[in-house]
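J.: Could you have a look at this structure, given as structure tokens, before my questions?
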Amino acid sequence: MFLTFYETIKNDTAFSIFAVYDPVKRAQDVARIVCRGDLRKYYRFRPARFYGGIATADCVGCCLRCIFCWSWQEVVRPGAYGKFYSPEAVARKLLNIAFKKGFDKVRTSGNEPTLSKEHLLRLLQHIPSNILFILETNGILIGYDETYAGDLARYKNLYVRVSFKGTTQEEFSAITGSKPEGFGLQLKGLENLFHAGVEVQPAAMVSFSSADNISAFKERLATIAPEFAYIETEELLLYRDVEERLQKAKMKYTTAYLP
Ligand code: SF4
């Protein structure tokens, strides 16, 4: 049922979404648009209230296409949004915001920050050790590239939040339109980060999940590390465009909030 939705929006994107896609291949395709050497496209820099106050850099480009994504336009038309920034320039902008607002945390968010490993690692080099850097990621590329987690582990002021798109590979595929195997890469990303010694915590979109699936997912995560049984749950925010996509897809959900 959900894949029908992805067929219905085939004119809504610069990318072919007629068929189920491979998220790693999509990451490579999108990276050709939003990454140039160690430069990366960003569309916004802002203070945010999350984590008790955090300076936020919103990047452009993702390897998934979650139906509920609140930054859908940047995901589906990465060529049309943002500007290229060096790691040094991004660090400077983040630290300026943090300094002005009295924050001790910065993060990359918006779309998927791991598309350019070179940019991300160099950005981390420019964040002082007394400032916590929060990486919000879907974990796909950290699951795919065995060296990624080890490279990130060099930065002790790093905290990673891996956001799962559903609690089973079937939910993942329905939510994202991706091959179901991408869910395994998310799990592998979490596992790689944990084994590399990175401070990491899982979160999951659960608005499309049954209680049984959520429970089984927690048990599965606990086999990686017992503390992962306590996931941060994410629920739908019904922005107008999100609601329209859900209606087109006739996609049922269990919980949702108005923004
Ligand atoms: S992984 Fe995040 S940025 Fe990418 S489509 Fe999903 S919600 Fe949007």
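Convention: chains lettered A, B, ... in structure tokens order; per-chain residue numbering from 1; ligands numbered from 1 as shown.
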Within segment 22-222 of chain A, find each residue whose DSSP state, derived from the backbone, is alpha helix (DSSP H), and express the selection as JSON, numbers by chain.

T.: {"A": [23, 24, 25, 26, 27, 28, 29, 30, 31, 32, 33, 34, 72, 73, 74, 75, 76, 87, 88, 89, 90, 91, 92, 93, 94, 95, 96, 97, 98, 99, 100, 101, 117, 118, 119, 120, 121, 122, 123, 124, 125, 140, 141, 142, 143, 144, 148, 149, 150, 151, 152, 169, 170, 171, 172, 173, 174, 175, 176, 181, 182, 183, 184, 185, 186, 187, 188, 189, 190, 191, 192, 193, 194, 195, 196, 211, 212, 213, 214, 215, 216, 217, 218, 219, 220, 221, 222]}

J.: Write down as a count of residues only the residues of segment 57-247 of chain A whose backbone DSSP state falls under strand (DSSP E or B).

T.: 37

J.: What residues of the protein or nucleic acid chains come within 7 Å of ligand 1 when you use only C-alpha atoms and all ligand atoms? Reply as a PyMOL selection string.

T.: chain A and resi 62-66+68-72+75+110-112+138+176

J.: What would the file look like if the residues just selected were written as a compact mmCIF listing (two decimals), in the first residue's frame with C-alpha atoms?

T.:
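The resulting out-v6.txt:
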```txt
# COMPACT_ATOMS: atom_id res chain seq x y z
CA CYS A 62 19.49 12.53 2.52
CA CYS A 63 19.70 8.88 1.48
CA LEU A 64 16.13 8.19 2.62
CA ARG A 65 12.73 9.73 1.86
CA CYS A 66 10.66 9.30 4.98
CA PHE A 68 6.84 12.13 7.56
CA CYS A 69 10.01 14.14 6.90
CA TRP A 70 9.66 17.76 8.00
CA SER A 71 12.38 18.87 5.62
CA TRP A 72 10.93 17.10 2.59
CA VAL A 75 15.34 15.88 0.64
CA GLY A 110 17.98 18.91 8.91
CA ASN A 111 18.82 16.16 6.43
CA GLU A 112 21.53 13.47 6.73
CA ASN A 138 19.77 7.60 10.30
CA THR A 176 10.97 5.38 3.51
```

J.: Neighbours of segment 215-228 of chain A within 12 Å (only C-alpha atoms; same-chain residues fewer than 5 positions away dropped), as JSON, numbers by chain?

T.: {"A": [161, 162, 164, 165, 166, 167, 168, 169, 171, 183, 184, 186, 187, 188, 189, 190, 191, 192, 193, 194, 195, 197, 199, 200, 201, 202, 203, 204, 205, 206, 209, 210, 233]}

J.: Could the residues in this selection be written to a file with C-alpha atoms, as a JSON list (two decimals), in the first residue's frame?

T.:
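Wrote selection04.json, looks like this:
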```json
[["chain", "number", "residue", "atom", "x", "y", "z"],
["A", 161, "ARG", "CA", 21.55, 9.82, 18.07],
["A", 162, "VAL", "CA", 20.58, 7.11, 15.60],
["A", 164, "PHE", "CA", 15.31, 4.39, 13.31],
["A", 165, "LYS", "CA", 12.55, 4.67, 10.76],
["A", 166, "GLY", "CA", 10.11, 2.20, 12.23],
["A", 167, "THR", "CA", 10.76, -0.89, 14.30],
["A", 168, "THR", "CA", 10.89, -3.62, 11.62],
["A", 169, "GLN", "CA", 12.32, -3.78, 8.13],
["A", 171, "GLU", "CA", 7.85, -0.66, 8.51],
["A", 183, "PHE", "CA", 16.85, -1.23, 8.26],
["A", 184, "GLY", "CA", 19.63, -3.76, 8.84],
["A", 186, "GLN", "CA", 20.57, 1.20, 10.62],
["A", 187, "LEU", "CA", 21.01, -1.56, 13.19],
["A", 188, "LYS", "CA", 24.57, -2.18, 12.01],
["A", 189, "GLY", "CA", 25.29, 1.55, 12.30],
["A", 190, "LEU", "CA", 24.18, 1.55, 15.93],
["A", 191, "GLU", "CA", 26.20, -1.59, 16.60],
["A", 192, "ASN", "CA", 29.33, -0.20, 14.93],
["A", 193, "LEU", "CA", 29.11, 3.00, 16.95],
["A", 194, "PHE", "CA", 28.64, 1.13, 20.21],
["A", 195, "HIS", "CA", 31.56, -1.22, 19.55],
["A", 197, "GLY", "CA", 33.13, 3.33, 21.90],
["A", 199, "GLU", "CA", 28.46, 7.60, 22.99],
["A", 200, "VAL", "CA", 25.30, 6.66, 21.14],
["A", 201, "GLN", "CA", 21.60, 6.27, 21.79],
["A", 202, "PRO", "CA", 18.82, 4.92, 19.56],
["A", 203, "ALA", "CA", 15.57, 6.70, 18.83],
["A", 204, "ALA", "CA", 12.69, 5.40, 16.71],
["A", 205, "MET", "CA", 9.67, 6.68, 14.84],
["A", 206, "VAL", "CA", 6.91, 4.58, 16.37],
["A", 209, "SER", "CA", 4.30, 0.50, 14.82],
["A", 210, "SER", "CA", 2.23, -1.93, 16.82],
["A", 233, "THR", "CA", 10.41, 7.53, 20.75]]
```

J.: Pick out the closest residue to Leu120 of chain A from this set: A:Pro259, A:Gly52, A:Gly37, A:Gly143. Count only C-alpha atoms.

T.: A:Gly37

J.: Considering only C-alpha atoms, can you say which of A:His126, A:His119, A:Arg92, A:Lys100 comes closest to Cys59 of chain A?

T.: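 Comparing A:His126, A:His119, A:Arg92, A:Lys100 against Cys59 of chain A, the winner is A:His119.
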
J.: Could you name the residues that touch Phe45 of chain A at 8 Å or less, counting only C-alpha atoms, but leaving out those on the same chain fewer than 4 positions away, as a PDB file with C-alpha atoms, in the first residue's frame?

T.:
```pdb
ATOM      1  CA  ALA A  55      23.195  25.685  17.964  1.00  0.00           C
ATOM      2  CA  THR A  56      22.002  23.849  14.864  1.00  0.00           C
ATOM      3  CA  ALA A  57      23.285  23.559  11.305  1.00  0.00           C
ATOM      4  CA  ASP A  58      20.703  22.099   8.904  1.00  0.00           C
ATOM      5  CA  LYS A  93      28.617  29.752  12.532  1.00  0.00           C
ATOM      6  CA  LEU A  94      27.699  27.119  15.111  1.00  0.00           C
TER       7      LEU A  94
END
```

J.: Taking only C-alpha atoms into account, which of A:Asp29, A:Glu146, A:Glu232, A:Glu243 comes nearest Ser163 of chain A?

T.: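 Residue with the minimum atom-to-atom distance to Ser163 of chain A: A:Glu232.
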
J.: From the list A:Gln247, A:Asn96, A:Asn130, A:Asn213, which residue is nearest Pro47 of chain A when using only C-alpha atoms?

T.: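 For Pro47 of chain A, the nearest of the candidates is A:Asn96.
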
J.: I'd like to know which of A:Arg44, A:Arg245, A:Arg26, A:Lys101 is closest to Lys83 of chain A, using only C-alpha atoms.

T.: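 So, comparing all the options, the nearest one is A:Arg44.
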
J.: Have a look at atom CA of Ala98 of chain A and atom CA of Tyr42 of chain A and let me know their distance in Å, one decimal.

T.: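 Taking atom CA of Ala98 of chain A as the start and atom CA of Tyr42 of chain A as the end point, the length is 17.6 Å.
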
J.: Can you work out which one of A:Gly82, A:Pro113, A:Pro180, A:Gly61 has the shortest atom-to-atom distance to Val160 of chain A, counting only C-alpha atoms?

T.: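 Using only C-alpha atoms, Val160 of chain A sits closest to A:Pro113.
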
J.: Quote the spacing between atom CA of Leu135 of chain A and atom CA of Arg32 of chain A in Å to one decimal place.

T.: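 Those two atoms sit 21.5 Å apart.
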
J.: Applying 8 Å and only C-alpha atoms, which residues near segment 147-152 of chain A remain after dropping the ones on its own chain fewer than 5 positions away? List them as a PyMOL selection string.

T.: chain A and resi 117+121+141-142+158+189+192-193+196+198
